[in-house]
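Source file: start22.txt (compact mmCIF, C-alpha atoms and all ligand atoms)
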```
# COMPACT_ATOMS: atom_id res chain seq x y z
CA MET A 166 20.78 -24.59 8.98
CA GLN A 167 21.63 -20.92 9.57
CA LEU A 168 19.29 -18.05 10.35
CA LEU A 169 20.53 -14.48 10.36
CA LEU A 170 18.44 -11.73 11.96
CA ASN A 171 19.82 -8.55 10.47
CA ASN A 172 19.45 -4.81 11.08
CA ILE A 173 17.39 -5.35 14.24
CA ARG A 174 16.29 -1.87 15.26
CA GLN A 175 16.90 -2.58 18.95
CA LEU A 176 18.35 -5.90 20.10
CA VAL A 177 17.73 -6.33 23.84
CA THR A 178 20.10 -9.14 24.84
CA VAL A 179 19.84 -9.09 28.69
CA ALA A 180 23.38 -10.53 28.46
CA ALA A 181 24.52 -11.86 31.83
CA GLU A 182 28.03 -13.09 30.95
CA GLY A 183 27.72 -16.36 32.80
CA LYS A 184 25.85 -15.05 35.82
CA PRO A 185 22.67 -16.96 36.65
CA TRP A 186 20.64 -13.80 37.40
CA LYS A 187 20.84 -10.06 37.91
CA ALA A 188 20.13 -8.40 41.25
CA GLY A 189 20.04 -4.81 42.56
CA PRO A 190 21.10 -2.07 40.07
CA ALA A 191 22.26 -4.75 37.58
CA MET A 192 18.58 -5.55 36.92
CA ARG A 193 18.49 -2.33 34.88
CA GLU A 194 21.33 -3.48 32.60
CA ILE A 195 19.53 -5.02 29.66
CA ASN A 196 22.48 -4.65 27.25
CA MET A 197 20.62 -3.22 24.29
CA ILE A 198 22.34 -3.04 20.90
CA GLU A 199 21.08 -0.52 18.31
CA ASP A 200 20.99 -1.99 14.79
CA GLY A 201 21.94 -5.47 15.86
CA SER A 202 22.41 -8.87 14.27
CA VAL A 203 22.06 -12.39 15.60
CA LEU A 204 23.32 -15.47 13.81
CA ILE A 205 21.67 -18.75 14.72
CA GLU A 206 23.04 -22.16 13.74
CA ARG A 207 20.42 -24.90 14.12
CA ASP A 208 18.98 -24.26 17.64
CA THR A 209 21.86 -22.27 19.12
CA ILE A 210 22.95 -18.63 19.05
CA GLN A 211 26.32 -18.33 17.27
CA TRP A 212 27.00 -14.63 17.03
CA VAL A 213 25.53 -11.43 18.56
CA GLY A 214 26.57 -7.85 17.85
CA THR A 215 25.95 -4.82 15.67
CA THR A 216 25.07 -5.34 12.01
CA ARG A 217 28.09 -3.18 11.14
CA ASP A 218 30.45 -5.55 12.94
CA PHE A 219 28.90 -8.76 11.62
CA HIS A 220 31.68 -10.89 10.25
CA ALA A 221 30.71 -14.58 10.61
CA GLN A 222 30.84 -16.85 7.58
CA LEU A 223 27.37 -17.25 6.05
CA LYS A 224 26.46 -20.45 4.25
CA LYS A 225 24.74 -20.26 0.86
CA GLU A 226 21.47 -21.68 2.13
CA ALA A 227 21.27 -19.33 5.17
CA THR A 228 17.90 -17.65 5.77
CA ILE A 229 18.23 -13.90 6.25
CA VAL A 230 15.51 -11.87 7.99
CA ASP A 231 15.60 -8.11 7.62
CA ALA A 232 14.44 -6.79 11.01
CA SER A 233 14.91 -3.09 10.41
CA ASP A 234 11.32 -2.37 11.52
CA LEU A 235 11.46 -4.73 14.48
CA ILE A 236 12.94 -5.05 17.96
CA ALA A 237 14.16 -8.32 19.47
CA LEU A 238 14.06 -9.67 23.02
CA PRO A 239 14.76 -13.09 24.54
CA GLY A 240 11.64 -15.29 24.68
CA PHE A 241 9.87 -14.80 28.01
CA VAL A 242 10.40 -17.36 30.76
CA ASP A 243 7.14 -17.69 32.70
CA ALA A 244 8.39 -19.39 35.87
CA HIS A 245 5.07 -19.90 37.68
CA THR A 246 1.85 -21.18 36.10
CA HIS A 247 -1.02 -23.55 36.85
CA LEU A 248 -1.99 -23.84 33.20
CA LEU A 249 -3.07 -27.49 33.30
CA PHE A 250 -6.66 -27.41 34.51
CA ALA A 251 -10.20 -28.21 33.42
CA GLY A 252 -13.29 -26.05 33.89
CA SER A 253 -13.38 -22.35 34.69
CA ARG A 254 -14.39 -19.98 37.51
CA GLU A 255 -16.05 -16.95 35.91
CA ASP A 256 -18.76 -17.19 38.61
CA GLU A 257 -16.13 -16.33 41.25
CA PHE A 258 -14.89 -13.46 39.12
CA ALA A 259 -18.44 -12.08 39.18
CA MET A 260 -18.72 -12.70 42.96
CA ARG A 261 -15.52 -10.73 43.55
CA ALA A 262 -16.93 -7.89 41.49
CA GLU A 263 -19.74 -7.81 44.05
CA GLY A 264 -17.31 -7.63 46.96
CA LYS A 265 -16.52 -11.23 47.99
CA THR A 266 -12.84 -12.01 48.58
CA TYR A 267 -10.78 -14.93 47.22
CA GLN A 268 -10.65 -16.46 50.72
CA GLN A 269 -14.39 -16.07 51.36
CA ILE A 270 -15.13 -17.84 48.07
CA ALA A 271 -12.71 -20.65 48.96
CA GLU A 272 -14.33 -21.07 52.38
CA GLN A 273 -17.71 -21.51 50.65
CA GLY A 274 -16.41 -24.46 48.60
CA GLY A 275 -15.26 -22.51 45.54
CA GLY A 276 -11.69 -21.64 44.74
CA ILE A 277 -9.02 -24.26 44.14
CA LEU A 278 -11.37 -27.13 45.11
CA LYS A 279 -13.79 -26.23 42.35
CA THR A 280 -11.03 -26.64 39.77
CA VAL A 281 -9.96 -29.85 41.54
CA SER A 282 -13.43 -31.37 40.92
CA ALA A 283 -13.33 -30.48 37.23
CA THR A 284 -9.74 -31.66 36.80
CA ARG A 285 -10.40 -35.00 38.52
CA LEU A 286 -13.21 -35.64 36.00
CA ALA A 287 -11.00 -34.84 33.02
CA THR A 288 -8.86 -37.49 31.31
CA LYS A 289 -5.16 -36.99 30.66
CA ARG A 290 -6.04 -36.55 26.99
CA ASP A 291 -8.62 -33.81 27.77
CA LEU A 292 -6.12 -31.96 29.94
CA LYS A 293 -3.38 -32.15 27.31
CA LYS A 294 -5.69 -30.82 24.65
CA LEU A 295 -6.72 -27.84 26.77
CA ALA A 296 -3.15 -27.12 27.81
CA SER A 297 -1.70 -27.50 24.34
CA HIS A 298 -4.00 -24.79 23.03
CA ARG A 299 -2.99 -22.52 25.94
CA LEU A 300 0.69 -23.15 25.20
CA ASP A 301 0.15 -22.11 21.55
CA GLU A 302 -1.46 -18.89 22.70
CA MET A 303 1.32 -18.18 25.18
CA MET A 304 3.91 -18.56 22.44
CA LYS A 305 1.98 -16.11 20.28
CA HIS A 306 2.42 -13.63 23.16
CA GLY A 307 6.18 -14.18 23.33
CA THR A 308 6.64 -16.89 25.97
CA THR A 309 9.07 -19.67 25.03
CA THR A 310 9.68 -21.38 28.40
CA VAL A 311 7.06 -22.14 31.00
CA GLU A 312 6.78 -23.86 34.34
CA ILE A 313 3.61 -25.92 34.89
CA LYS A 314 2.41 -27.11 38.29
CA SER A 315 0.18 -30.03 39.18
CA GLY A 316 -2.05 -29.39 42.20
CA TYR A 317 -5.59 -29.72 40.87
CA GLY A 318 -5.69 -33.50 41.34
CA LEU A 319 -4.90 -33.97 45.05
CA THR A 320 -5.19 -37.78 44.85
CA GLU A 321 -2.29 -40.03 44.01
CA ASP A 322 -3.79 -40.97 40.63
CA ASP A 323 -4.90 -37.49 39.68
CA GLU A 324 -1.62 -35.81 40.62
CA ILE A 325 0.25 -38.43 38.59
CA LYS A 326 -2.20 -37.96 35.72
CA MET A 327 -1.38 -34.24 35.76
CA LEU A 328 2.38 -34.76 35.92
CA GLU A 329 2.29 -37.33 33.13
CA ALA A 330 0.27 -34.92 31.01
CA ILE A 331 2.90 -32.23 31.64
CA GLY A 332 5.69 -34.68 30.73
CA GLU A 333 3.94 -35.70 27.50
CA LEU A 334 3.32 -32.06 26.58
CA SER A 335 7.01 -31.31 26.95
CA HIS A 336 7.73 -33.97 24.30
CA ASP A 337 4.89 -33.05 21.97
CA HIS A 338 4.93 -29.26 22.20
CA VAL A 339 7.68 -26.92 21.04
CA MET A 340 7.48 -24.95 24.33
CA THR A 341 10.25 -25.64 26.88
CA ILE A 342 8.39 -26.91 29.96
CA ALA A 343 9.54 -27.24 33.59
CA PRO A 344 7.31 -29.60 35.65
CA THR A 345 6.46 -28.91 39.30
CA PHE A 346 4.63 -31.17 41.76
CA LEU A 347 2.15 -29.18 43.85
CA GLY A 348 0.29 -31.96 45.67
CA ALA A 349 0.20 -29.59 48.67
CA HIS A 350 -1.94 -26.97 46.94
CA ALA A 351 -4.97 -27.43 49.24
CA ILE A 352 -6.25 -30.05 51.65
CA PRO A 353 -8.65 -32.15 49.54
CA PRO A 354 -12.25 -32.28 50.84
CA GLU A 355 -12.06 -35.98 51.77
CA PHE A 356 -9.16 -35.17 54.13
CA ARG A 357 -10.64 -32.02 55.67
CA LYS A 358 -10.81 -33.56 59.12
CA ARG A 359 -7.52 -35.47 58.84
CA ARG A 360 -5.03 -33.14 57.26
CA GLU A 361 -2.08 -35.02 58.72
CA ALA A 362 -3.15 -38.11 56.78
CA TYR A 363 -3.02 -36.08 53.56
CA VAL A 364 0.50 -34.83 54.33
CA ASP A 365 1.44 -38.49 54.99
CA LEU A 366 0.02 -39.46 51.60
CA VAL A 367 2.03 -36.73 49.85
CA CYS A 368 5.24 -37.67 51.68
CA GLU A 369 5.00 -41.42 51.80
CA ARG A 370 3.29 -42.32 48.53
CA MET A 371 3.27 -39.47 46.02
CA LEU A 372 6.81 -38.08 46.43
CA PRO A 373 8.66 -41.43 46.29
CA TYR A 374 6.81 -42.40 43.08
CA ILE A 375 7.28 -38.98 41.45
CA GLY A 376 10.97 -39.04 42.39
CA LYS A 377 11.48 -42.55 41.04
CA LYS A 378 9.73 -41.79 37.73
CA LYS A 379 11.35 -38.33 37.50
CA LEU A 380 7.96 -36.74 36.87
CA ALA A 381 8.87 -33.37 38.44
CA ALA A 382 11.97 -31.17 38.66
CA PHE A 383 10.45 -29.09 41.47
CA CYS A 384 8.14 -29.49 44.42
CA ASP A 385 6.03 -26.53 45.55
CA VAL A 386 3.80 -26.04 48.62
CA PHE A 387 1.08 -23.41 49.17
CA CYS A 388 2.35 -22.35 52.59
CA ASP A 389 -0.14 -19.81 53.86
CA THR A 390 -2.99 -19.12 56.27
CA GLY A 391 -5.77 -21.61 55.58
CA TYR A 392 -3.55 -23.88 53.46
CA PHE A 393 -0.32 -25.61 54.62
CA THR A 394 1.59 -24.63 57.76
CA VAL A 395 5.32 -23.97 57.91
CA GLU A 396 5.78 -27.33 59.71
CA GLU A 397 3.84 -29.23 57.05
CA ALA A 398 5.67 -27.44 54.24
CA THR A 399 9.03 -28.22 55.88
CA ARG A 400 8.24 -31.91 56.07
CA ILE A 401 6.99 -32.11 52.47
CA LEU A 402 9.83 -30.10 50.94
CA LYS A 403 12.59 -31.94 52.83
CA GLN A 404 11.10 -35.19 51.62
CA ALA A 405 10.93 -33.82 48.05
CA GLN A 406 14.59 -32.77 48.23
CA SER A 407 15.53 -36.27 49.34
CA HIS A 408 13.81 -37.55 46.17
CA GLY A 409 15.80 -35.22 43.90
CA MET A 410 13.35 -32.33 43.50
CA LYS A 411 14.22 -28.68 44.12
CA ALA A 412 12.01 -26.73 46.51
CA LYS A 413 9.71 -23.86 45.59
CA LEU A 414 7.13 -22.14 47.78
CA HIS A 415 3.92 -20.16 47.42
CA ALA A 416 5.00 -17.82 50.20
CA ASP A 417 3.49 -14.89 52.08
CA GLU A 418 0.64 -14.40 49.60
CA LEU A 419 -2.26 -14.03 52.02
CA ALA A 420 -0.29 -13.16 55.17
CA ALA A 421 3.31 -12.97 56.42
CA SER A 422 3.15 -16.63 57.34
CA GLY A 423 6.87 -17.44 57.33
CA GLY A 424 7.05 -18.97 53.87
CA SER A 425 9.91 -16.86 52.58
CA HIS A 426 12.01 -17.48 55.66
CA LEU A 427 11.41 -21.21 55.18
CA ALA A 428 12.39 -20.95 51.48
CA ALA A 429 15.73 -19.50 52.57
CA GLU A 430 16.25 -22.11 55.26
CA LEU A 431 15.61 -24.97 52.83
CA GLY A 432 17.73 -23.43 50.07
CA ALA A 433 14.68 -23.29 47.78
CA ILE A 434 15.26 -22.18 44.20
CA SER A 435 12.43 -19.62 44.45
CA ALA A 436 9.86 -18.09 46.78
CA ASP A 437 6.80 -16.94 44.88
CA HIS A 438 4.03 -14.34 45.44
CA LEU A 439 5.48 -12.40 48.45
CA GLU A 440 2.62 -9.88 48.62
CA HIS A 441 2.96 -9.82 52.44
CA ILE A 442 6.69 -10.45 52.88
CA ASN A 443 8.32 -8.51 55.73
CA GLN A 444 11.88 -7.21 56.10
CA HIS A 445 12.99 -10.38 57.87
CA GLY A 446 11.75 -12.45 54.93
CA ILE A 447 13.45 -10.12 52.44
CA ASP A 448 16.77 -10.36 54.29
CA SER A 449 16.50 -14.17 54.41
CA LEU A 450 15.90 -14.42 50.65
CA ARG A 451 18.82 -12.13 49.85
CA THR A 452 21.25 -13.97 52.10
CA ALA A 453 20.25 -17.38 50.77
CA GLY A 454 20.16 -16.28 47.09
CA VAL A 455 16.55 -17.37 46.59
CA VAL A 456 14.83 -15.87 43.53
CA GLY A 457 11.70 -13.89 44.47
CA VAL A 458 9.03 -14.58 41.85
CA LEU A 459 6.44 -11.79 41.78
CA LEU A 460 3.01 -12.28 40.22
CA PRO A 461 1.57 -8.85 39.38
CA GLY A 462 -1.41 -10.32 37.55
CA VAL A 463 -2.72 -11.92 40.77
CA SER A 464 -2.70 -8.67 42.74
CA PHE A 465 -4.36 -6.92 39.82
CA PHE A 466 -7.01 -9.61 39.32
CA LEU A 467 -7.80 -10.20 43.01
CA ASN A 468 -7.25 -6.58 43.95
CA HIS A 469 -5.34 -7.62 47.08
CA GLY A 470 -2.21 -5.51 47.19
CA TYR A 471 1.15 -5.83 45.49
CA ALA A 472 4.45 -7.38 46.56
CA PRO A 473 7.04 -4.78 47.68
CA ALA A 474 9.06 -5.04 44.47
CA ARG A 475 11.12 -1.91 45.12
CA LYS A 476 12.17 -3.06 48.58
CA LEU A 477 13.04 -6.51 47.28
CA ILE A 478 15.14 -5.16 44.38
CA ASP A 479 16.80 -2.44 46.45
CA SER A 480 17.67 -5.06 49.10
CA GLY A 481 19.42 -7.17 46.45
CA VAL A 482 16.96 -10.06 46.04
CA PRO A 483 16.99 -11.36 42.43
CA VAL A 484 13.42 -10.66 41.32
CA ALA A 485 11.54 -12.51 38.58
CA ILE A 486 8.05 -11.84 37.23
CA ALA A 487 5.67 -14.63 36.21
CA SER A 488 2.01 -14.80 35.19
CA ASP A 489 0.69 -17.42 37.65
CA PHE A 490 -1.83 -18.18 34.89
CA ASN A 491 -4.66 -20.15 36.58
CA PRO A 492 -8.47 -20.12 36.58
CA GLY A 493 -8.84 -18.51 40.02
CA SER A 494 -6.38 -15.71 40.49
CA CYS A 495 -4.98 -14.80 37.07
CA MET A 496 -6.67 -15.48 33.75
CA SER A 497 -3.84 -13.99 31.73
CA PHE A 498 -0.54 -15.33 30.45
CA SER A 499 0.57 -12.15 28.72
CA MET A 500 4.03 -11.33 30.03
CA PRO A 501 4.00 -7.82 28.48
CA LEU A 502 0.83 -7.15 30.51
CA MET A 503 2.61 -8.40 33.67
CA MET A 504 5.43 -5.95 32.88
CA THR A 505 2.97 -3.06 32.52
CA ILE A 506 1.41 -3.87 35.90
CA ALA A 507 4.87 -4.19 37.48
CA CYS A 508 5.81 -0.74 36.15
CA THR A 509 2.55 1.06 36.98
CA GLN A 510 1.68 -0.59 40.30
CA MET A 511 4.98 -1.87 41.73
CA SER A 512 7.39 0.92 40.75
CA MET A 513 9.61 -1.33 38.70
CA THR A 514 11.38 0.25 35.73
CA PRO A 515 10.80 -1.14 32.22
CA GLU A 516 14.37 -2.46 32.23
CA GLU A 517 13.93 -4.24 35.59
CA ALA A 518 10.69 -5.74 34.33
CA ILE A 519 12.41 -7.07 31.20
CA THR A 520 15.19 -8.72 33.25
CA ALA A 521 12.57 -10.14 35.63
CA CYS A 522 10.58 -11.74 32.77
CA THR A 523 13.60 -13.25 31.01
CA LEU A 524 16.92 -14.01 32.73
CA ASN A 525 15.63 -14.00 36.30
CA GLY A 526 12.63 -16.13 35.31
CA ALA A 527 15.09 -18.64 33.88
CA ALA A 528 17.03 -18.53 37.17
CA ALA A 529 13.84 -19.41 39.07
CA LEU A 530 13.81 -22.63 37.02
CA GLY A 531 17.56 -23.31 37.14
CA LEU A 532 17.66 -22.79 33.35
CA SER A 533 19.60 -19.56 32.98
CA ASN A 534 22.55 -21.37 31.40
CA GLN A 535 20.23 -22.26 28.48
CA VAL A 536 17.56 -19.56 28.10
CA GLY A 537 16.64 -16.06 29.31
CA SER A 538 19.12 -13.97 27.30
CA ILE A 539 20.40 -13.60 23.74
CA GLU A 540 23.99 -14.75 24.11
CA VAL A 541 26.35 -17.01 22.20
CA GLY A 542 25.83 -20.64 23.16
CA LYS A 543 22.28 -20.21 24.47
CA GLN A 544 19.17 -21.74 22.96
CA ALA A 545 17.88 -19.50 20.14
CA ASP A 546 14.56 -18.42 21.68
CA ILE A 547 14.02 -14.92 20.32
CA ILE A 548 10.91 -12.80 19.81
CA LEU A 549 10.67 -10.04 17.20
CA TYR A 550 8.14 -7.28 17.94
CA ASN A 551 6.65 -4.76 15.62
CA LEU A 552 7.60 -1.79 17.80
CA PRO A 553 9.92 1.21 17.38
CA GLN A 554 11.73 0.70 20.67
CA TYR A 555 11.73 -1.68 23.63
CA ARG A 556 10.01 0.58 26.18
CA HIS A 557 6.89 0.41 24.03
CA LEU A 558 6.48 -3.18 25.20
CA PRO A 559 5.28 -2.31 28.75
CA TYR A 560 4.08 1.14 27.64
CA TYR A 561 1.30 -0.43 25.56
CA PHE A 562 -1.05 -2.76 27.41
CA GLY A 563 -3.59 -5.27 26.24
CA VAL A 564 -2.10 -5.19 22.72
CA ASN A 565 0.02 -7.97 21.21
CA HIS A 566 2.92 -6.76 19.05
CA VAL A 567 4.69 -10.07 18.42
CA ALA A 568 5.81 -10.23 14.78
CA LYS A 569 7.83 -13.47 14.82
CA VAL A 570 8.53 -16.21 17.34
CA ILE A 571 11.84 -18.00 16.95
CA LYS A 572 11.96 -21.14 19.06
CA ARG A 573 15.13 -23.22 19.14
CA GLY A 574 16.24 -21.51 15.92
CA THR A 575 13.01 -22.11 13.97
CA ILE A 576 10.60 -19.36 12.93
CA LEU A 577 7.19 -20.63 14.03
CA GLU A 578 4.16 -20.37 11.78
CA PHE A 579 0.83 -19.92 13.56
O1 LIG B 1 -0.93 -19.05 42.83
N1 LIG B 1 -2.14 -19.38 45.64
C1 LIG B 1 -2.39 -20.52 45.30
N2 LIG B 1 -2.62 -21.00 44.10
C2 LIG B 1 -2.91 -20.22 42.95
C3 LIG B 1 -4.37 -20.02 42.77
C4 LIG B 1 -4.96 -21.23 42.27
C5 LIG B 1 -6.44 -21.12 42.09
O2 LIG B 1 -7.11 -20.23 42.63
O3 LIG B 1 -6.92 -22.02 41.38
C6 LIG B 1 -2.14 -18.94 42.96
O4 LIG B 1 -2.68 -17.84 43.07
FE FE B 2 0.45 -20.04 42.00
```

Mind converting the file's structure to structure tokens?
Amino acid sequence: MQLLLNNIRQLVTVAAEGKPWKAGPAMREINMIEDGSVLIERDTIQWVGTTRDFHAQLKKEATIVDASDLIALPGFVDAHTHLLFAGSREDEFAMRAEGKTYQQIAEQGGGILKTVSATRLATKRDLKKLASHRLDEMMKHGTTTVEIKSGYGLTEDDEIKMLEAIGELSHDHVMTIAPTFLGAHAIPPEFRKRREAYVDLVCERMLPYIGKKKLAAFCDVFCDTGYFTVEEATRILKQAQSHGMKAKLHADELAASGGSHLAAELGAISADHLEHINQHGIDSLRTAGVVGVLLPGVSFFLNHGYAPARKLIDSGVPVAIASDFNPGSCMSFSMPLMMTIACTQMSMTPEEAITACTLNGAAALGLSNQVGSIEVGKQADIILYNLPQYRHLPYYFGVNHVAKVIKRGTILEF
């Protein structure tokens, strides 16, 4: 089956020519082709160039889409989400509007633990149903690859329930899904006075089982003031690595607590959040080649300050942008909205934001050889937008301009 996208007004390829990510000034090179064409054969991109130069052999039954009023970008890669959860936390949203902070709410029994209670009560089937609907909506907003974390179970059974739900969703749903184990998201209430016993449980029971059953590609730890210490995170992530998982970290979100330095030391694939990263942390990430995943929606929603995106990019750290979609700190999965916030609040250029949401997001999941750019040989995940030119994507906000979603070479019908 062939699909030809023809006369694309602006074709933003983000071509990387074999490189896993772009860093520094290269983040601005989005490799845009005016009046472009893309030929897709089954689920793979076969040809990319200008419509004028198109020369591949077309089969009789090929589908041809005239995209002269549309622009095309790679499907977004949202490399950090907590989208599998039950319940909601609009009460906390209202409390923050009256001046309470995220940490104060957590200390009063709200926050992550509130979602843990609701998620423990939900069955795997309930969770899958909720998540499947969210995945549909994300695709309608242009996301074609997503990472999903566990971390709202915090018992052996409930963490496994979450990871199994994620695994089943990746078979049943057209979205490409990367599963992450986040058993160290918070100390569960029943372990409040014996946190070491919880870390033992994660290391000695959960990780070996998850490794054996291959339920997660990554292991993440919320390493921050009030959550897990650098020592605890080190123990958990080393153990995870020995069971075949790659390390990720929620680092330096609430304070400069050493998370990014640890990510570099462990050779983590990404260090995420970074609102409070210092120069030492930035230098460590750059030297170790760790992707910095920034979450503009969290800073916007919690009103707690932004990660130093300019410093990170100018220092040569490969920067990705993700939504962090979750019920507490970001109730949005719109990647174009994340780009707008990155441009208006974090001094990123539209081109840097595009690279951060596509190729560099893929790098944060070790998937940039398959997705994240429109290049020959890659999976055909392409979004067509009803816009005159690509800068309109972050220039608008709160408006969805997706015209067509092409996932693995198929035009999706919603
Ligand atoms: O990435 N920082 C830790 N975890 C999430 C928030 C989860 C929640 O509040 O439910 C985050 O912001
Ligand atoms: Fe998170």

Select from chain A every residue with an atom at most 10 Å from any atom of ligand FE 2 (chain B), then for each give the shortest pair of atoms and their distance in Å to one decimal, using all atoms listed in the file, rows by chain and rising number, as a tab-separated table.
```
residue	atom	partner	partner_atom	distance
A:His245	CA	B:FE2	FE	6.3
A:Thr246	CA	B:FE2	FE	6.2
A:His247	CA	B:FE2	FE	6.4
A:Leu248	CA	B:FE2	FE	9.9
A:Ile313	CA	B:FE2	FE	9.8
A:Lys314	CA	B:FE2	FE	8.2
A:Gly316	CA	B:FE2	FE	9.7
A:Leu347	CA	B:FE2	FE	9.5
A:His350	CA	B:FE2	FE	8.8
A:Asp385	CA	B:FE2	FE	9.3
A:Val386	CA	B:FE2	FE	9.5
A:Phe387	CA	B:FE2	FE	7.9
A:Leu414	CA	B:FE2	FE	9.1
A:His415	CA	B:FE2	FE	6.4
A:Ala416	CA	B:FE2	FE	9.6
A:Glu418	CA	B:FE2	FE	9.5
A:Asp437	CA	B:FE2	FE	7.6
A:His438	CA	B:FE2	FE	7.6
A:Leu460	CA	B:FE2	FE	8.4
A:Val463	CA	B:FE2	FE	8.8
A:Ala487	CA	B:FE2	FE	9.5
A:Ser488	CA	B:FE2	FE	8.7
A:Asp489	CA	B:FE2	FE	5.1
A:Phe490	CA	B:FE2	FE	7.7
A:Asn491	CA	B:FE2	FE	7.4
A:Gly493	CA	B:FE2	FE	9.6
A:Ser494	CA	B:FE2	FE	8.2
A:Cys495	CA	B:FE2	FE	9.0
```

Show me, as a ChimeraX atom specification, the residues that have an atom within 8 Å of A:His441 when counting all atoms listed in the file, minus same-chain residues fewer than 4 positions from it.
/A:417-421,472

So which one's closest to A:Lys572, A:Leu238, A:Ala362, A:Ala191, A:Met340? Using all atoms listed in the file, please.
A:Met340

Each side padded by 4 Å, which centre and which edge lengths in Å (one decimal) define the axis-aligned box around the listed atoms of stretch 302-313 of chain A? Give them as lines of an AutoDock Vina configuration file.
```
center_x = 4.1
center_y = -19.8
center_z = 27.6
size_x = 19.1
size_y = 20.3
size_z = 22.6
```

With distances taken over only C-alpha atoms, which residue among A:Gly432, A:Gly276, A:Gly214, A:Gly332 lies nearest A:Gln406?
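Result for the nearest residue to A:Gln406: A:Gly432.
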
Taking the point (13.3, -37.2, 44.3) as given in the file, collect each protein or nucleic acid residue that comes within 8 Å of it, counting all atoms listed in the file, and present the set as a PyMOL selection string.
chain A and resi 372-373+375-377+379+404-410

Length of the atom CA of A:Trp186 to atom CA of A:Met503 vector [Å]:
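Here the two named atoms are 19.2 Å from each other.
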
A:Tyr374, A:Phe465, A:Phe241, A:Tyr555 ranked by distance to ligand LIG 1 (chain B), top pick (using all atoms listed in the file)
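Nearest to ligand LIG 1 (chain B): A:Phe465.
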
Per-residue nearest contacts of stretch 238-262 of chain A to stretch 282-303 of chain A (6 Å; all atoms listed in the file) as JSON lines:
```
{"residue": "A:Leu249", "atom": "CA", "partner": "A:Ala296", "partner_atom": "CA", "distance": 5.5}
{"residue": "A:Phe250", "atom": "CA", "partner": "A:Thr284", "partner_atom": "CA", "distance": 5.7}
{"residue": "A:Ala251", "atom": "CA", "partner": "A:Thr284", "partner_atom": "CA", "distance": 4.9}
{"residue": "A:Gly252", "atom": "CA", "partner": "A:Ala283", "partner_atom": "CA", "distance": 5.5}
```

Option closest in space to ligand LIG 1 (chain B), from A:Ala518, A:Leu170, A:Leu380, A:Ala351 [counting all atoms listed in the file]
A:Ala351

Give the answer as one residue: which of A:Ser435, A:Gln175, A:Ser253, A:Thr209 has the shortest atom-to-atom distance to ligand LIG 1 (chain B), using only C-alpha atoms and all ligand atoms?
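Closest candidate: A:Ser253.
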
Take atom CA of A:Leu459 and atom CA of A:Ala485 and report the distance between them in Å, one decimal.
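Between atom CA of A:Leu459 and atom CA of A:Ala485 the gap works out to 6.1 Å.
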
Choose the residue, out of A:Asp389, A:Glu182, A:Glu226, A:Asp231, that has the smallest atom-to-atom separation from A:Glu540; count only C-alpha atoms.
A:Glu182

Spatial neighbours of A:Val339, 12 Å, all atoms listed in the file, chain gap at least 3 places, as an mmCIF file with C-alpha atoms, in the frame of the given file:
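Saved to around_21.cif:
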```cif
data_model
loop_
_atom_site.group_PDB
_atom_site.id
_atom_site.type_symbol
_atom_site.label_atom_id
_atom_site.label_comp_id
_atom_site.auth_asym_id
_atom_site.auth_seq_id
_atom_site.Cartn_x
_atom_site.Cartn_y
_atom_site.Cartn_z
ATOM 1 C CA SER A 297 -1.700 -27.500 24.340
ATOM 2 C CA LEU A 300 0.690 -23.150 25.200
ATOM 3 C CA ASP A 301 0.150 -22.110 21.550
ATOM 4 C CA MET A 303 1.320 -18.180 25.180
ATOM 5 C CA MET A 304 3.910 -18.560 22.440
ATOM 6 C CA THR A 308 6.640 -16.890 25.970
ATOM 7 C CA THR A 309 9.070 -19.670 25.030
ATOM 8 C CA THR A 310 9.680 -21.380 28.400
ATOM 9 C CA VAL A 311 7.060 -22.140 31.000
ATOM 10 C CA GLU A 333 3.940 -35.700 27.500
ATOM 11 C CA LEU A 334 3.320 -32.060 26.580
ATOM 12 C CA SER A 335 7.010 -31.310 26.950
ATOM 13 C CA HIS A 336 7.730 -33.970 24.300
ATOM 14 C CA ILE A 342 8.390 -26.910 29.960
ATOM 15 C CA ASP A 546 14.560 -18.420 21.680
ATOM 16 C CA VAL A 570 8.530 -16.210 17.340
ATOM 17 C CA ILE A 571 11.840 -18.000 16.950
ATOM 18 C CA LYS A 572 11.960 -21.140 19.060
ATOM 19 C CA ARG A 573 15.130 -23.220 19.140
ATOM 20 C CA GLY A 574 16.240 -21.510 15.920
ATOM 21 C CA THR A 575 13.010 -22.110 13.970
ATOM 22 C CA ILE A 576 10.600 -19.360 12.930
ATOM 23 C CA LEU A 577 7.190 -20.630 14.030
ATOM 24 C CA GLU A 578 4.160 -20.370 11.780
#
```

What does the structure give for the distance between atom CA of A:Val567 and atom CA of A:Ile539, in Å to one decimal?
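Between atom CA of A:Val567 and atom CA of A:Ile539 the gap works out to 17.0 Å.
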
Protein, DNA and RNA residues within 7 Å of (4.3, -32.9, 41.9), all atoms listed in the file, as a PyMOL selection string:
chain A and resi 315+324+328+345-348+375+381+384

Residues near A:Phe258, anyone? I mean within 9 Å using all atoms listed in the file, not counting same-chain ones fewer than 2 positions away, as a list in words.
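Answer for this query is Arg254, Glu255, Asp256, Met260, Arg261, Ala262, Glu263, Phe466, Leu467, Gly493 and Ser494 of chain A.
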
Neighbours of stretch 561-566 of chain A within 12 Å (all atoms listed in the file; same-chain residues fewer than 6 positions away dropped), as a PyMOL selection string?
chain A and resi 235-237+302-307+497-509+515+548-555
